[in-house]
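Below you'll find the structure, written out as structure tokens, and then a few comments.
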Amino acid sequence: MDFELPDELVALQDLARRFAADTLAPGARQWDREANIPRDVVAKLAELGFLGIFIPTEYGGSGLGDLAATVIMEEVARHCGATALMLDAHNALCCAHFLIGANETQKAKYLPDLAVGKYLGAWALSEPGCGSDAAALTTTAELDGDTWVLNGSKQWITNGLYAGVFVVMAKTTPEGGPKGISAFIVDRDTPGFSIGAKEDKMGMRGSDTVGSTLDNVRLPKENLCGELHGGFVDSMKVLERGRITIASMSVGLGRGAFEEALAYAKDRTAFGKPIFEHQSIQFMLADMATEIDAARLLTREAGILADSNEPSNIAASIAKLFASEMATQACLNAIQIFGGMGYTKEVPVERYLRDAKLCEIGEGSSQIQRMIIARHLLEQ
């Protein structure tokens with residue numbers, strides 16, 4: 001068993017690390033305060049190929065896999081969780097759904113523009129009345145001749161403020177449920193499709209989150225993405241990939257909190273010596289380092305399984321559960337080590353904590369991950 005990254009991923013890691021330190025770190029605090037990531041940052045991400053991580057090279061993408069995505073996401077999240085979340089929604093949700101469900105014509109039309117950042121992609125599953133119980137969605141799609149007519153509303157759409165294309169899930173049978181949901185491609189300028197106000201969030205503030213309304217949105221029949229009534233099954237596959245990227249985002253946030261706290265502990269003195277020399281601080285840092293490493297290994301295991309076309313859904317849930325809860329605790333420990341300073345916006349650890357909390361919620365909450373893992377155990 002080889003625990004080292006291959007040379008090409010080491011080079012990718014170095015590229016992402018330098019970009020994050022040079023471009024994201026200086027602006028992340030301001031973007032959090034202003035609740036906006038500048039468009040030139042998105043353009044730079046496109047230049048690096050980070051908007052086409054999973055998109056095959058024949059469509060202009062980077063043609064990378066899940067393990068590579070974990071490397072990129074960790075490095076980006078180390079300095080800016082909001083930028084990492086934007087990448088997650090674009091790559092692991094929207095683009096991933098195209099790769100799973102779209103036909104060749106749809107891929108050829110949309111993937112090249114998504115890969116080069118002509119516009120961002122967004123994914124719309126959740127609704128005001130359904131989050132964890134995604135199969136209970138109420139947005140409908142009815143066939144009227146050769147046209148689908150969509151009505152309903154969506155919520156918690158990451159990238160929705162700027163996205164050029166959306167993959168939207170809707171009920172296509174009166175009964176609904178998992179076997180009655182389909183996915184549709186909705187262009188931003190489609191009549192009847194309106195974007196709501198940006199949510200004022202606790203964390204991940206630079207990444208925009210909006211709701212949307214579909215009022216008699218008429219789509220060509222060919223905008224069905226995937227098999228009719230197969231949207232829920234495809235969505236679960238998409239979320240599996242998203243859990244791997246959320247886990248790697250969590251590792252990056254936890255690592256960021258740890259590295260900031262370690263540097264501070266070496267520099268800050270109390271009772272005549274650096275606080276790092278106090279055993280209570282040493283134990284906190286030791287726990288953080290151990291749990292970050294464990295989370296990274298779990299996350300990369302899930303990525304390797306996915307790249308090998310091996311079943312990875314349980315590994316993804318385990319990684320996402322452990323890494324997200326690790327990140328929140330690591331950030332709490334970092335704030336404790338900083339003391340009063342950690343409770344201010346003068347240092348990034350308070351922002352890391354606000355950002356990390358979302359990782360316990362998005363792409364399936366910790367409670368949902370425990371349900372998935374427990375059901376797997378019962379089947380053994």
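Scheme for the structure tokens: letters A, B, ... for chains in order shown; per-chain residue numbers from 1; ligand numbers from 1 in order shown.
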
Determine, counting only C-alpha atoms, which protein, DNA and RNA residues have an atom within 9 Å of an atom of stretch 76-79 of chain A; residues of the same chain fewer than 3 positions away are not included. Present the result as number ranges by chain. A: 16-17, 19-21, 24-26, 28, 71-73, 82-85, 248-257, 348, 352

Write the selection just made, keeping C-alpha atoms, as a PDB file, in the first residue's frame?
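The new file selection-v8.pdb reads:
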ATOM      1  CA  ALA A  16      -2.737  24.686  -5.903  1.00  0.00           C
ATOM      2  CA  ARG A  17      -0.825  25.491  -2.707  1.00  0.00           C
ATOM      3  CA  PHE A  19      -2.092  29.763  -5.901  1.00  0.00           C
ATOM      4  CA  ALA A  20      -4.027  29.595  -2.630  1.00  0.00           C
ATOM      5  CA  ALA A  21      -1.252  31.280  -0.640  1.00  0.00           C
ATOM      6  CA  LEU A  24      -6.654  33.531  -1.973  1.00  0.00           C
ATOM      7  CA  ALA A  25      -5.025  34.179   1.395  1.00  0.00           C
ATOM      8  CA  PRO A  26      -4.588  37.957   0.911  1.00  0.00           C
ATOM      9  CA  ALA A  28     -10.176  35.873   1.811  1.00  0.00           C
ATOM     10  CA  VAL A  71      -5.602  17.567  -3.414  1.00  0.00           C
ATOM     11  CA  ILE A  72      -6.909  20.757  -5.037  1.00  0.00           C
ATOM     12  CA  MET A  73      -9.800  21.217  -2.635  1.00  0.00           C
ATOM     13  CA  ALA A  82     -15.780  29.993   0.230  1.00  0.00           C
ATOM     14  CA  THR A  83     -13.683  29.555  -2.907  1.00  0.00           C
ATOM     15  CA  ALA A  84     -13.500  25.826  -2.221  1.00  0.00           C
ATOM     16  CA  LEU A  85     -17.293  25.663  -1.873  1.00  0.00           C
ATOM     17  CA  SER A 248     -11.264  17.329   1.404  1.00  0.00           C
ATOM     18  CA  MET A 249     -12.545  20.857   1.991  1.00  0.00           C
ATOM     19  CA  SER A 250     -12.919  19.948   5.661  1.00  0.00           C
ATOM     20  CA  VAL A 251      -9.342  18.682   5.779  1.00  0.00           C
ATOM     21  CA  GLY A 252      -8.155  21.980   4.334  1.00  0.00           C
ATOM     22  CA  LEU A 253     -10.085  24.050   6.859  1.00  0.00           C
ATOM     23  CA  GLY A 254      -8.926  21.889   9.763  1.00  0.00           C
ATOM     24  CA  ARG A 255      -5.350  22.068   8.542  1.00  0.00           C
ATOM     25  CA  GLY A 256      -5.593  25.818   8.188  1.00  0.00           C
ATOM     26  CA  ALA A 257      -6.798  26.200  11.766  1.00  0.00           C
ATOM     27  CA  PRO A 348      -8.550  33.713  10.293  1.00  0.00           C
ATOM     28  CA  TYR A 352     -12.478  28.878   9.473  1.00  0.00           C
TER      29      TYR A 352
END

So that I can check the surroundings of A:Lys154, please list as a PyMOL selection string every protein, DNA and RNA residue that reaches within 12 Å of it, counting only C-alpha atoms and ignoring chain neighbours fewer than 5 positions away. chain A and resi 122-131+134+137-140+160+166-170+193-196+209-215

For A:Ala46, work out the shell of residues within 12 Å, counting only C-alpha atoms and skipping chain neighbours fewer than 2 positions away, then give it as a PDB file with C-alpha atoms, in the first residue's frame.
ATOM      1  CA  ARG A  39     -14.756  37.542 -10.825  1.00  0.00           C
ATOM      2  CA  ASP A  40     -11.035  37.792 -11.651  1.00  0.00           C
ATOM      3  CA  VAL A  41     -10.390  35.060  -9.084  1.00  0.00           C
ATOM      4  CA  VAL A  42     -12.836  32.811 -10.919  1.00  0.00           C
ATOM      5  CA  ALA A  43     -10.977  33.570 -14.150  1.00  0.00           C
ATOM      6  CA  LYS A  44      -7.667  32.568 -12.550  1.00  0.00           C
ATOM      7  CA  LEU A  48      -5.423  26.703 -13.817  1.00  0.00           C
ATOM      8  CA  GLY A  49      -7.965  24.157 -15.020  1.00  0.00           C
ATOM      9  CA  PHE A  50      -9.715  24.059 -11.654  1.00  0.00           C
ATOM     10  CA  LEU A  51     -13.154  24.668 -13.197  1.00  0.00           C
ATOM     11  CA  GLY A  52     -12.856  21.523 -15.264  1.00  0.00           C
ATOM     12  CA  ILE A  53     -11.400  19.077 -12.756  1.00  0.00           C
ATOM     13  CA  GLY A  60     -11.588  21.144 -22.793  1.00  0.00           C
ATOM     14  CA  GLY A  61     -11.389  19.982 -19.187  1.00  0.00           C
ATOM     15  CA  SER A  62      -8.479  18.830 -17.050  1.00  0.00           C
ATOM     16  CA  LEU A  87     -15.439  24.874  -6.820  1.00  0.00           C
ATOM     17  CA  HIS A  90     -19.386  23.780  -9.939  1.00  0.00           C
ATOM     18  CA  ASN A  91     -17.284  20.626 -10.328  1.00  0.00           C
ATOM     19  CA  PRO A 112     -16.511  23.134 -22.853  1.00  0.00           C
ATOM     20  CA  ASP A 113     -17.917  26.439 -21.569  1.00  0.00           C
ATOM     21  CA  LEU A 114     -18.082  25.152 -17.996  1.00  0.00           C
ATOM     22  CA  ALA A 115     -14.481  23.922 -18.218  1.00  0.00           C
ATOM     23  CA  VAL A 116     -13.045  27.284 -19.261  1.00  0.00           C
ATOM     24  CA  GLY A 117     -15.189  29.348 -16.928  1.00  0.00           C
ATOM     25  CA  LYS A 118     -17.343  31.060 -19.539  1.00  0.00           C
ATOM     26  CA  TYR A 119     -19.926  30.659 -16.807  1.00  0.00           C
ATOM     27  CA  LEU A 120     -20.268  28.780 -13.545  1.00  0.00           C
TER      28      LEU A 120
END

Write out as an NGL selection string all residues of stretch 115-290 of chain A that backbone DSSP assigns to helix (DSSP H, G or I). :A and (115 or 134-136 or 178-180 or 221-223 or 231-267 or 275-277 or 279-290)

Name the residues in contact with A:Lys237 at a cut-off of 12 Å, using only C-alpha atoms, excluding same-chain residues fewer than 5 positions from it; report them as a ChimeraX atom specification. /A:92-94,96-101,230-232,242-244,306,311-314,316,363

Which stretch 336-364 of chain A residues have any atom within 12 Å of an atom of stretch 266-275 of chain A, and for each, what is the nearest pair of atoms with distance in Å to one decimal, counting only C-alpha atoms, rows sorted by chain and number, as a tab-separated table?
residue	atom	partner	partner_atom	distance
A:Gln336	CA	A:Ile275	CA	12.0
A:Ile337	CA	A:Ile275	CA	8.6
A:Phe338	CA	A:Arg268	CA	8.8
A:Gly339	CA	A:Arg268	CA	10.7
A:Met341	CA	A:Arg268	CA	11.4

Only N, CA and C atoms, please: the residues just picked out, written as a PDB file, in the first residue's frame.
ATOM      1  N   GLN A 336      -9.436  28.406  20.899  1.00  0.00           N
ATOM      2  CA  GLN A 336      -9.061  28.304  22.304  1.00  0.00           C
ATOM      3  C   GLN A 336      -7.584  28.607  22.503  1.00  0.00           C
ATOM      4  N   ILE A 337      -6.754  28.130  21.583  1.00  0.00           N
ATOM      5  CA  ILE A 337      -5.315  28.374  21.682  1.00  0.00           C
ATOM      6  C   ILE A 337      -5.007  29.859  21.486  1.00  0.00           C
ATOM      7  N   PHE A 338      -5.715  30.501  20.566  1.00  0.00           N
ATOM      8  CA  PHE A 338      -5.519  31.941  20.354  1.00  0.00           C
ATOM      9  C   PHE A 338      -6.084  32.769  21.503  1.00  0.00           C
ATOM     10  N   GLY A 339      -6.984  32.179  22.288  1.00  0.00           N
ATOM     11  CA  GLY A 339      -7.594  32.923  23.376  1.00  0.00           C
ATOM     12  C   GLY A 339      -8.495  34.031  22.853  1.00  0.00           C
ATOM     13  N   MET A 341      -7.857  36.672  21.190  1.00  0.00           N
ATOM     14  CA  MET A 341      -7.578  37.063  19.812  1.00  0.00           C
ATOM     15  C   MET A 341      -8.320  36.153  18.827  1.00  0.00           C
TER      16      MET A 341
END

Apply DSSP to the backbone of this structure and, from stretch 63-161 of chain A, keep only the residues in strand (DSSP E); write these as a ChimeraX atom specification. /A:121-124,140-144,147-158

Quick one: write out the picked residues with C-alpha atoms as a CSV table (one decimal), in the first residue's frame?
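result-v7.csv written:
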chain,number,residue,atom,x,y,z
A,121,GLY,CA,-22.6,25.8,-13.1
A,122,ALA,CA,-25.1,25.3,-10.3
A,123,TRP,CA,-27.2,22.4,-9.0
A,124,ALA,CA,-30.7,22.6,-7.6
A,140,THR,CA,-43.1,19.6,-10.9
A,141,ALA,CA,-42.3,19.0,-14.6
A,142,GLU,CA,-45.1,18.2,-16.9
A,143,LEU,CA,-44.8,17.3,-20.6
A,144,ASP,CA,-46.9,19.6,-22.9
A,147,THR,CA,-42.1,20.9,-24.1
A,148,TRP,CA,-41.5,20.4,-20.4
A,149,VAL,CA,-43.2,22.9,-18.1
A,150,LEU,CA,-41.6,23.4,-14.7
A,151,ASN,CA,-43.2,25.0,-11.6
A,152,GLY,CA,-41.9,25.3,-8.1
A,153,SER,CA,-39.1,26.7,-6.1
A,154,LYS,CA,-35.6,25.8,-5.0
A,155,GLN,CA,-33.3,26.7,-2.2
A,156,TRP,CA,-29.6,26.6,-1.1
A,157,ILE,CA,-28.3,26.9,-4.7
A,158,THR,CA,-24.5,27.5,-4.5

Taking 4 positions as the minimum chain separation for residues in the same chain, which residues sit within 12 Å of A:His376 when counting only C-alpha atoms? Answer as a PyMOL selection string. chain A and resi 313-315+317-318+369-372+380

Output N, CA, C and O atoms of each residue in that selection to a file, as a PDB file, in the first residue's frame.
ATOM      1  N   ASN A 313     -19.399   4.681  -2.052  1.00  0.00           N
ATOM      2  CA  ASN A 313     -20.404   5.472  -1.348  1.00  0.00           C
ATOM      3  C   ASN A 313     -20.236   5.434   0.169  1.00  0.00           C
ATOM      4  O   ASN A 313     -20.369   6.460   0.846  1.00  0.00           O
ATOM      5  N   ILE A 314     -19.908   4.275   0.718  1.00  0.00           N
ATOM      6  CA  ILE A 314     -19.726   4.188   2.174  1.00  0.00           C
ATOM      7  C   ILE A 314     -18.441   4.892   2.588  1.00  0.00           C
ATOM      8  O   ILE A 314     -18.417   5.632   3.581  1.00  0.00           O
ATOM      9  N   ALA A 315     -17.384   4.685   1.824  1.00  0.00           N
ATOM     10  CA  ALA A 315     -16.116   5.363   2.120  1.00  0.00           C
ATOM     11  C   ALA A 315     -16.295   6.876   2.051  1.00  0.00           C
ATOM     12  O   ALA A 315     -15.732   7.616   2.868  1.00  0.00           O
ATOM     13  N   SER A 317     -19.094   8.556   2.643  1.00  0.00           N
ATOM     14  CA  SER A 317     -19.861   8.983   3.823  1.00  0.00           C
ATOM     15  C   SER A 317     -19.000   8.977   5.079  1.00  0.00           C
ATOM     16  O   SER A 317     -19.085   9.891   5.904  1.00  0.00           O
ATOM     17  N   ILE A 318     -18.172   7.960   5.220  1.00  0.00           N
ATOM     18  CA  ILE A 318     -17.282   7.890   6.389  1.00  0.00           C
ATOM     19  C   ILE A 318     -16.310   9.064   6.381  1.00  0.00           C
ATOM     20  O   ILE A 318     -16.099   9.730   7.407  1.00  0.00           O
ATOM     21  N   GLN A 369     -25.263  10.946   7.117  1.00  0.00           N
ATOM     22  CA  GLN A 369     -24.100  10.073   6.891  1.00  0.00           C
ATOM     23  C   GLN A 369     -24.106   8.902   7.873  1.00  0.00           C
ATOM     24  O   GLN A 369     -23.790   7.762   7.495  1.00  0.00           O
ATOM     25  N   ARG A 370     -24.488   9.163   9.105  1.00  0.00           N
ATOM     26  CA  ARG A 370     -24.560   8.067  10.083  1.00  0.00           C
ATOM     27  C   ARG A 370     -25.646   7.061   9.696  1.00  0.00           C
ATOM     28  O   ARG A 370     -25.482   5.846   9.890  1.00  0.00           O
ATOM     29  N   MET A 371     -26.752   7.544   9.145  1.00  0.00           N
ATOM     30  CA  MET A 371     -27.805   6.640   8.677  1.00  0.00           C
ATOM     31  C   MET A 371     -27.287   5.756   7.546  1.00  0.00           C
ATOM     32  O   MET A 371     -27.529   4.540   7.520  1.00  0.00           O
ATOM     33  N   ILE A 372     -26.572   6.355   6.604  1.00  0.00           N
ATOM     34  CA  ILE A 372     -26.035   5.600   5.469  1.00  0.00           C
ATOM     35  C   ILE A 372     -25.059   4.534   5.945  1.00  0.00           C
ATOM     36  O   ILE A 372     -25.115   3.368   5.529  1.00  0.00           O
ATOM     37  N   GLN A 380     -24.496  -6.170   6.392  1.00  0.00           N
ATOM     38  CA  GLN A 380     -23.333  -7.076   6.380  1.00  0.00           C
ATOM     39  C   GLN A 380     -23.676  -8.452   6.939  1.00  0.00           C
ATOM     40  O   GLN A 380     -24.537  -8.603   7.767  1.00  0.00           O
TER      41      GLN A 380
END

Between atom CA of A:Asn223 and atom CA of A:Gly180, measure the distance and give it in Å to one decimal.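 Separating atom CA of A:Asn223 from atom CA of A:Gly180 is a distance of 16.9 Å.
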